[in-house]
$ cat coords-v3.tsv   # TSV, C-alpha atoms
chain	number	residue	atom	x	y	z
Y	1	MET	CA	-14.69	14.67	-9.36
Y	2	PRO	CA	-17.79	13.95	-11.38
Y	3	GLY	CA	-17.91	10.54	-13.00
Y	4	LYS	CA	-15.57	8.83	-10.53
Y	5	LYS	CA	-17.11	6.40	-8.09
Y	6	LYS	CA	-15.51	5.82	-4.71
Y	7	LYS	CA	-14.72	2.25	-3.83
Y	8	TYR	CA	-15.94	1.46	-0.36
Y	9	LYS	CA	-14.32	-1.33	1.61
Y	10	LYS	CA	-16.54	-3.02	4.17
Y	11	VAL	CA	-14.69	-2.99	7.49
Y	12	SER	CA	-17.04	-4.51	10.02
Y	13	GLU	CA	-20.64	-5.23	10.85
Y	14	ILE	CA	-21.97	-4.63	14.34
Y	15	SER	CA	-25.63	-5.62	14.66
Y	16	ASP	CA	-27.44	-3.34	12.21
Y	17	LYS	CA	-24.57	-0.86	11.71
Y	18	VAL	CA	-22.09	-1.29	8.85
Y	19	MET	CA	-18.83	0.63	8.73
Y	20	TYR	CA	-17.17	1.40	5.40
Y	21	LEU	CA	-13.68	2.72	4.83
Y	22	THR	CA	-12.36	4.52	1.77
Y	23	VAL	CA	-8.64	3.87	1.73
Y	24	ARG	CA	-6.28	3.62	-1.20
Y	25	ASP	CA	-4.42	0.31	-1.59
Y	26	TYR	CA	-0.72	1.00	-0.96
Y	27	THR	CA	0.57	-2.59	-1.27
Y	28	LYS	CA	2.36	-1.95	-4.59
Y	29	ASP	CA	3.30	1.70	-4.12
Y	30	PRO	CA	7.08	2.08	-4.74
Y	31	PHE	CA	7.47	4.69	-1.98
Y	32	VAL	CA	5.83	2.42	0.60
Y	33	LEU	CA	7.85	-0.62	-0.52
Y	34	LYS	CA	11.07	1.42	-0.14
Y	35	LYS	CA	10.08	2.44	3.41
Y	36	ILE	CA	9.22	-1.16	4.31
Y	37	GLU	CA	12.62	-2.41	3.13
Y	38	SER	CA	14.36	0.39	5.04
Y	39	SER	CA	12.45	-0.55	8.20
Y	40	LYS	CA	13.32	-4.24	7.81
Y	41	LYS	CA	17.03	-3.41	7.50
Y	42	LEU	CA	16.87	-1.18	10.58
Y	43	ILE	CA	15.17	-3.91	12.64
Y	44	GLU	CA	17.71	-6.51	11.47
Y	45	LYS	CA	20.60	-4.21	12.45
Y	46	TYR	CA	19.39	-3.03	15.86
Y	47	GLY	CA	16.58	-5.47	16.72
Y	48	LEU	CA	13.39	-4.66	18.58
Y	49	PRO	CA	13.41	-3.22	22.10
Y	50	LYS	CA	12.73	-5.71	24.88
Y	51	ILE	CA	9.52	-5.20	26.80
$ encode --input "coords-v3.tsv" --output "structure tokens"
Amino acid sequence: MPGKKKKYKKVSEISDKVMYLTVRDYTKDPFVLKKIESSKKLIEKYGLPKI
């Protein structure tokens, strides 16, 4: 869209190459928070598989 600037997040620097990543911040997204809580409950109930 014209007028909107993308926010680039600097990921890493390797010698003279710089890698940027354009990713939305999902830390406060209600859908993601709901999925995280659901996953925590599932892990508490069944635990993690042994390696």
$ atom_distance --input "coords-v3.tsv" --atom1 "CA of Leu48 in chain Y" --atom2 "CA of Val23 in chain Y"
29.0 Å
$ atom_distance --input "coords-v3.tsv" --atom1 "CA of Pro30 in chain Y" --atom2 "CA of Ile43 in chain Y"
20.1 Å
$ atom_distance --input "coords-v3.tsv" --atom1 "CA of Tyr46 in chain Y" --atom2 "CA of Phe31 in chain Y"
22.8 Å
$ build_atoms --input "coords-v3.tsv" --residues "range 25-36 of chain Y" --atoms "all heavy atoms" --output "PDB file, in the frame of the given file"
ATOM      1  N   ASP Y  25      -5.241   1.489  -1.792  1.00  0.00           N
ATOM      2  CA  ASP Y  25      -4.420   0.310  -1.590  1.00  0.00           C
ATOM      3  C   ASP Y  25      -2.960   0.676  -1.859  1.00  0.00           C
ATOM      4  O   ASP Y  25      -2.595   1.011  -2.982  1.00  0.00           O
ATOM      5  CB  ASP Y  25      -4.868  -0.810  -2.532  1.00  0.00           C
ATOM      6  CG  ASP Y  25      -4.113  -2.088  -2.315  1.00  0.00           C
ATOM      7  OD1 ASP Y  25      -3.500  -2.244  -1.242  1.00  0.00           O
ATOM      8  OD2 ASP Y  25      -4.134  -2.943  -3.214  1.00  0.00           O
ATOM      9  N   TYR Y  26      -2.119   0.619  -0.836  1.00  0.00           N
ATOM     10  CA  TYR Y  26      -0.720   1.000  -0.960  1.00  0.00           C
ATOM     11  C   TYR Y  26       0.229  -0.191  -1.044  1.00  0.00           C
ATOM     12  O   TYR Y  26       1.428  -0.037  -0.891  1.00  0.00           O
ATOM     13  CB  TYR Y  26      -0.306   1.850   0.253  1.00  0.00           C
ATOM     14  CG  TYR Y  26      -0.931   3.230   0.250  1.00  0.00           C
ATOM     15  CD1 TYR Y  26      -2.031   3.514   1.044  1.00  0.00           C
ATOM     16  CD2 TYR Y  26      -0.417   4.230  -0.541  1.00  0.00           C
ATOM     17  CE1 TYR Y  26      -2.599   4.769   1.042  1.00  0.00           C
ATOM     18  CE2 TYR Y  26      -0.979   5.495  -0.549  1.00  0.00           C
ATOM     19  CZ  TYR Y  26      -2.067   5.758   0.244  1.00  0.00           C
ATOM     20  OH  TYR Y  26      -2.632   7.000   0.239  1.00  0.00           O
ATOM     21  N   THR Y  27      -0.274  -1.400  -1.302  1.00  0.00           N
ATOM     22  CA  THR Y  27       0.570  -2.590  -1.270  1.00  0.00           C
ATOM     23  C   THR Y  27       1.621  -2.603  -2.371  1.00  0.00           C
ATOM     24  O   THR Y  27       2.676  -3.211  -2.194  1.00  0.00           O
ATOM     25  CB  THR Y  27      -0.271  -3.871  -1.374  1.00  0.00           C
ATOM     26  OG1 THR Y  27      -1.085  -3.798  -2.535  1.00  0.00           O
ATOM     27  CG2 THR Y  27      -1.141  -4.054  -0.145  1.00  0.00           C
ATOM     28  N   LYS Y  28       1.400  -1.936  -3.483  1.00  0.00           N
ATOM     29  CA  LYS Y  28       2.360  -1.950  -4.590  1.00  0.00           C
ATOM     30  C   LYS Y  28       2.965  -0.577  -4.858  1.00  0.00           C
ATOM     31  O   LYS Y  28       3.626  -0.381  -5.874  1.00  0.00           O
ATOM     32  CB  LYS Y  28       1.688  -2.487  -5.854  1.00  0.00           C
ATOM     33  CG  LYS Y  28       1.251  -3.924  -5.698  1.00  0.00           C
ATOM     34  CD  LYS Y  28       0.556  -4.430  -6.920  1.00  0.00           C
ATOM     35  CE  LYS Y  28       0.076  -5.852  -6.685  1.00  0.00           C
ATOM     36  NZ  LYS Y  28      -0.737  -6.344  -7.773  1.00  0.00           N
ATOM     37  N   ASP Y  29       2.773   0.351  -3.965  1.00  0.00           N
ATOM     38  CA  ASP Y  29       3.300   1.700  -4.120  1.00  0.00           C
ATOM     39  C   ASP Y  29       4.820   1.668  -3.908  1.00  0.00           C
ATOM     40  O   ASP Y  29       5.291   1.203  -2.874  1.00  0.00           O
ATOM     41  CB  ASP Y  29       2.645   2.628  -3.102  1.00  0.00           C
ATOM     42  CG  ASP Y  29       2.983   4.087  -3.324  1.00  0.00           C
ATOM     43  OD1 ASP Y  29       3.755   4.392  -4.263  1.00  0.00           O
ATOM     44  OD2 ASP Y  29       2.475   4.927  -2.569  1.00  0.00           O
ATOM     45  N   PRO Y  30       5.625   2.147  -4.867  1.00  0.00           N
ATOM     46  CA  PRO Y  30       7.080   2.080  -4.740  1.00  0.00           C
ATOM     47  C   PRO Y  30       7.618   2.823  -3.511  1.00  0.00           C
ATOM     48  O   PRO Y  30       8.578   2.376  -2.881  1.00  0.00           O
ATOM     49  CB  PRO Y  30       7.609   2.728  -6.016  1.00  0.00           C
ATOM     50  CG  PRO Y  30       6.456   2.997  -6.889  1.00  0.00           C
ATOM     51  CD  PRO Y  30       5.211   2.718  -6.136  1.00  0.00           C
ATOM     52  N   PHE Y  31       7.023   3.945  -3.149  1.00  0.00           N
ATOM     53  CA  PHE Y  31       7.470   4.690  -1.980  1.00  0.00           C
ATOM     54  C   PHE Y  31       7.283   3.877  -0.701  1.00  0.00           C
ATOM     55  O   PHE Y  31       8.172   3.814   0.149  1.00  0.00           O
ATOM     56  CB  PHE Y  31       6.707   6.018  -1.870  1.00  0.00           C
ATOM     57  CG  PHE Y  31       7.081   6.834  -0.667  1.00  0.00           C
ATOM     58  CD1 PHE Y  31       8.263   7.537  -0.642  1.00  0.00           C
ATOM     59  CD2 PHE Y  31       6.248   6.884   0.426  1.00  0.00           C
ATOM     60  CE1 PHE Y  31       8.612   8.286   0.467  1.00  0.00           C
ATOM     61  CE2 PHE Y  31       6.584   7.629   1.543  1.00  0.00           C
ATOM     62  CZ  PHE Y  31       7.776   8.333   1.558  1.00  0.00           C
ATOM     63  N   VAL Y  32       6.120   3.228  -0.583  1.00  0.00           N
ATOM     64  CA  VAL Y  32       5.830   2.420   0.600  1.00  0.00           C
ATOM     65  C   VAL Y  32       6.742   1.201   0.652  1.00  0.00           C
ATOM     66  O   VAL Y  32       7.265   0.854   1.707  1.00  0.00           O
ATOM     67  CB  VAL Y  32       4.337   2.012   0.617  1.00  0.00           C
ATOM     68  CG1 VAL Y  32       4.047   1.055   1.754  1.00  0.00           C
ATOM     69  CG2 VAL Y  32       3.465   3.239   0.726  1.00  0.00           C
ATOM     70  N   LEU Y  33       6.970   0.557  -0.485  1.00  0.00           N
ATOM     71  CA  LEU Y  33       7.850  -0.620  -0.520  1.00  0.00           C
ATOM     72  C   LEU Y  33       9.280  -0.246  -0.108  1.00  0.00           C
ATOM     73  O   LEU Y  33       9.947  -0.997   0.600  1.00  0.00           O
ATOM     74  CB  LEU Y  33       7.850  -1.242  -1.913  1.00  0.00           C
ATOM     75  CG  LEU Y  33       6.533  -1.889  -2.342  1.00  0.00           C
ATOM     76  CD1 LEU Y  33       6.620  -2.362  -3.781  1.00  0.00           C
ATOM     77  CD2 LEU Y  33       6.174  -3.041  -1.425  1.00  0.00           C
ATOM     78  N   LYS Y  34       9.730   0.937  -0.518  1.00  0.00           N
ATOM     79  CA  LYS Y  34      11.070   1.420  -0.140  1.00  0.00           C
ATOM     80  C   LYS Y  34      11.148   1.623   1.371  1.00  0.00           C
ATOM     81  O   LYS Y  34      12.134   1.251   2.010  1.00  0.00           O
ATOM     82  CB  LYS Y  34      11.356   2.725  -0.887  1.00  0.00           C
ATOM     83  CG  LYS Y  34      12.709   3.291  -0.630  1.00  0.00           C
ATOM     84  CD  LYS Y  34      12.900   4.564  -1.439  1.00  0.00           C
ATOM     85  CE  LYS Y  34      14.174   5.257  -1.082  1.00  0.00           C
ATOM     86  NZ  LYS Y  34      14.333   6.537  -1.776  1.00  0.00           N
ATOM     87  N   LYS Y  35      10.115   2.214   1.960  1.00  0.00           N
ATOM     88  CA  LYS Y  35      10.080   2.440   3.410  1.00  0.00           C
ATOM     89  C   LYS Y  35      10.030   1.123   4.176  1.00  0.00           C
ATOM     90  O   LYS Y  35      10.655   0.990   5.229  1.00  0.00           O
ATOM     91  CB  LYS Y  35       8.878   3.316   3.789  1.00  0.00           C
ATOM     92  CG  LYS Y  35       8.995   4.729   3.324  1.00  0.00           C
ATOM     93  CD  LYS Y  35      10.115   5.417   4.039  1.00  0.00           C
ATOM     94  CE  LYS Y  35      10.219   6.863   3.641  1.00  0.00           C
ATOM     95  NZ  LYS Y  35      11.314   7.550   4.302  1.00  0.00           N
ATOM     96  N   ILE Y  36       9.304   0.139   3.658  1.00  0.00           N
ATOM     97  CA  ILE Y  36       9.220  -1.160   4.310  1.00  0.00           C
ATOM     98  C   ILE Y  36      10.581  -1.834   4.325  1.00  0.00           C
ATOM     99  O   ILE Y  36      11.014  -2.375   5.349  1.00  0.00           O
ATOM    100  CB  ILE Y  36       8.161  -2.054   3.615  1.00  0.00           C
ATOM    101  CG1 ILE Y  36       6.763  -1.515   3.887  1.00  0.00           C
ATOM    102  CG2 ILE Y  36       8.280  -3.504   4.074  1.00  0.00           C
ATOM    103  CD1 ILE Y  36       5.676  -2.186   3.069  1.00  0.00           C
TER     104      ILE Y  36
END
